[in-house]
>>> print(open('my_file_11.txt').read())   # compact mmCIF, C-alpha atoms and all ligand atoms
# COMPACT_ATOMS: atom_id res chain seq x y z
CA MET A 1 0.00 0.00 0.00
CA MET A 2 1.29 3.46 -0.92
CA GLN A 3 1.73 5.82 1.99
CA PRO A 4 0.41 9.34 1.55
CA ASN A 5 3.15 11.83 0.92
CA TYR A 6 2.52 15.04 2.88
CA THR A 7 4.58 18.17 2.53
CA TYR A 8 3.54 19.13 6.04
CA HIS A 9 1.89 17.02 8.68
CA LEU A 10 0.42 19.10 11.51
CA PHE A 11 -0.72 17.93 14.91
CA PHE A 12 -3.09 20.20 16.80
CA CYS A 13 -3.70 19.29 20.43
CA THR A 14 -7.44 19.12 21.01
CA ASN A 15 -7.30 17.49 24.41
CA THR A 16 -10.03 18.85 26.69
CA ARG A 17 -9.90 18.58 30.47
CA ASP A 18 -12.54 19.34 33.01
CA PRO A 19 -12.64 23.13 33.58
CA GLU A 20 -11.79 22.55 37.28
CA ASN A 21 -8.54 20.80 36.36
CA PRO A 22 -5.61 23.07 37.27
CA LYS A 23 -3.54 21.79 34.33
CA GLY A 24 -5.91 23.45 31.89
CA SER A 25 -6.10 22.18 28.32
CA CYS A 26 -5.85 23.27 24.71
CA GLY A 27 -9.45 22.18 24.15
CA GLN A 28 -10.62 24.78 26.67
CA LYS A 29 -8.76 27.40 24.64
CA CYS A 30 -10.72 26.66 21.47
CA SER A 31 -8.12 24.40 19.80
CA MET A 32 -10.79 22.27 18.11
CA GLN A 33 -12.34 25.35 16.49
CA LEU A 34 -8.89 26.60 15.46
CA ARG A 35 -8.00 23.24 13.95
CA ASN A 36 -11.27 23.18 12.00
CA TYR A 37 -10.67 26.73 10.83
CA MET A 38 -7.19 25.76 9.67
CA LYS A 39 -8.40 22.68 7.78
CA THR A 40 -11.12 24.66 6.04
CA LYS A 41 -8.77 27.50 5.17
CA ILE A 42 -6.12 25.18 3.68
CA LYS A 43 -8.81 23.49 1.60
CA GLU A 44 -10.26 26.81 0.43
CA MET A 45 -6.80 27.98 -0.56
CA ASN A 46 -6.32 24.79 -2.53
CA ILE A 47 -3.02 23.92 -0.88
CA SER A 48 -2.31 20.23 -1.36
CA GLY A 49 -0.11 17.82 0.60
CA ILE A 50 -1.12 19.13 4.05
CA ARG A 51 -2.68 17.11 6.82
CA VAL A 52 -3.99 18.71 10.02
CA ASN A 53 -4.59 15.99 12.60
CA ALA A 54 -6.20 16.36 16.00
CA ALA A 55 -3.79 15.16 18.66
CA GLY A 56 -4.05 14.22 22.32
CA CYS A 57 -2.15 16.10 25.01
CA LEU A 58 1.38 17.04 23.92
CA ASP A 59 2.50 17.91 27.46
CA GLU A 60 2.88 21.65 26.96
CA CYS A 61 -0.60 22.45 28.29
CA ASP A 62 0.25 25.84 29.78
CA LYS A 63 1.54 26.98 26.38
CA GLY A 64 -1.53 25.90 24.43
CA PRO A 65 -3.25 25.74 22.12
CA VAL A 66 -0.28 23.71 20.90
CA LEU A 67 0.41 22.88 17.26
CA VAL A 68 3.44 20.90 16.00
CA VAL A 69 4.53 21.09 12.37
CA TYR A 70 6.38 18.14 10.81
CA PRO A 71 8.73 17.26 9.19
CA GLU A 72 10.67 19.96 11.05
CA GLY A 73 9.03 19.29 14.42
CA VAL A 74 8.42 22.98 15.15
CA TRP A 75 6.17 23.74 18.13
CA TYR A 76 3.78 26.69 18.13
CA THR A 77 1.20 28.35 20.33
CA ILE A 78 -1.81 29.23 18.20
CA ASN A 79 -4.25 31.51 19.98
CA ASN A 80 -6.60 32.76 17.31
CA THR A 81 -7.50 32.73 13.62
CA ASN A 82 -4.95 35.49 12.87
CA ASP A 83 -2.24 33.15 14.15
CA VAL A 84 -3.55 30.37 11.90
CA ASP A 85 -3.57 32.70 8.89
CA GLU A 86 -0.01 33.83 9.53
CA LEU A 87 1.21 30.26 10.03
CA ILE A 88 -0.36 29.15 6.73
CA GLU A 89 1.02 32.14 4.88
CA LYS A 90 4.57 31.90 6.23
CA HIS A 91 5.32 28.32 7.27
CA ILE A 92 2.98 26.26 5.10
CA LYS A 93 3.22 28.30 1.92
CA ASN A 94 6.77 29.63 2.22
CA GLY A 95 8.59 27.33 4.64
CA GLN A 96 9.44 30.16 7.05
CA LYS A 97 9.04 29.67 10.78
CA VAL A 98 6.85 32.23 12.56
CA HIS A 99 9.05 33.48 15.37
CA ARG A 100 6.39 35.24 17.44
CA LEU A 101 4.36 32.02 17.71
CA LEU A 102 7.21 29.64 18.55
CA ILE A 103 7.11 27.85 21.90
CA ASP A 104 10.90 27.55 21.87
CA LYS A 105 12.17 30.94 20.71
CA ASN A 106 15.74 29.65 20.55
CA ILE A 107 15.38 27.32 17.58
CA ASP A 108 17.10 28.18 14.32
CA LEU A 109 14.96 30.12 11.92
S1 LIG A 201 -3.78 19.77 26.67
FE1 LIG A 201 -2.74 20.46 24.89
S2 LIG A 201 -0.68 20.11 25.32
FE2 LIG A 201 -1.73 19.30 27.03
>>> encode(input="my_file_11.txt", output="C-alpha cells", more="lines below")
Ligand code: FES
Amino acid sequence: MMQPNYTYHLFFCTNTRDPENPKGSCGQKCSMQLRNYMKTKIKEMNISGIRVNAAGCLDECDKGPVLVVYPEGVWYTINNTNDVDELIEKHIKNGQKVHRLLIDKNIDL
C-alpha cells in the first residue's frame, strides 16, 4: 500500500480537560475550532499535501493551544484565527518559521 506523501503534517492538540482541572487544556482554549478553521482555510486555498490531525495532550498544556509542524518538528502556540492565517502564509506556503508564535524561541529560523 502506498503511503500518503505530505509536505507538512500538523498535529493540533485538542485534548479537553474538566474546567476545574488546574492543568488546563488546549481544548478549553478553542483548539478544536482553530484546527477546523485551519483545515477549512487550507482546503479553500487549494493547498495540497497538508494534513492537520487532532492530537491528544502534547504535554505543553500551559503553552496551548499547541500545534506541531512536521517534518521539522516545530512547536507553536496558536491563539486565534490570525495566528492560523499567519502560520499558513509563512510556514505552510513559504517554509518560514513564525518566530512570534514559537514555543521555543531559541530554535534556528
Ligand atoms: S492539553 Fe494540549 S498540550 Fe496538554
>>> residues_around(input="my_file_11.txt", residues="range 9-26 of chain A", least_positions_apart="6", cutoff="7 Å", atoms="all atoms listed in the file", output="ChimeraX atom specification")
/A:32,35,50-58,61-62,64-71
>>> axis_aligned_box(input="my_file_11.txt", around="range 71-88 of chain A", padding_each_side="5 Å", output="AutoDock Vina command-line options")
--center_x 1.6 --center_y 26.4 --center_z 13.5 --size_x 28.2 --size_y 28.2 --size_z 23.6
>>> atom_distance(input="my_file_11.txt", atom1="CA of Gly95 in chain A", atom2="CA of Thr81 in chain A")
19.2 Å
>>> residues_around(input="my_file_11.txt", residues="range 36-48 of chain A", least_positions_apart="6", cutoff="9 Å", atoms="only C-alpha atoms", output="list of chain:residue names")
A:Tyr6, A:Thr7, A:Thr81, A:Val84, A:Asp85, A:Ile88, A:Ile92, A:Lys93
>>> atom_distance(input="my_file_11.txt", atom1="CA of Val98 in chain A", atom2="CA of Ile78 in chain A")
10.8 Å
>>> atom_distance(input="my_file_11.txt", atom1="CA of Asp104 in chain A", atom2="CA of Lys90 in chain A")
17.4 Å
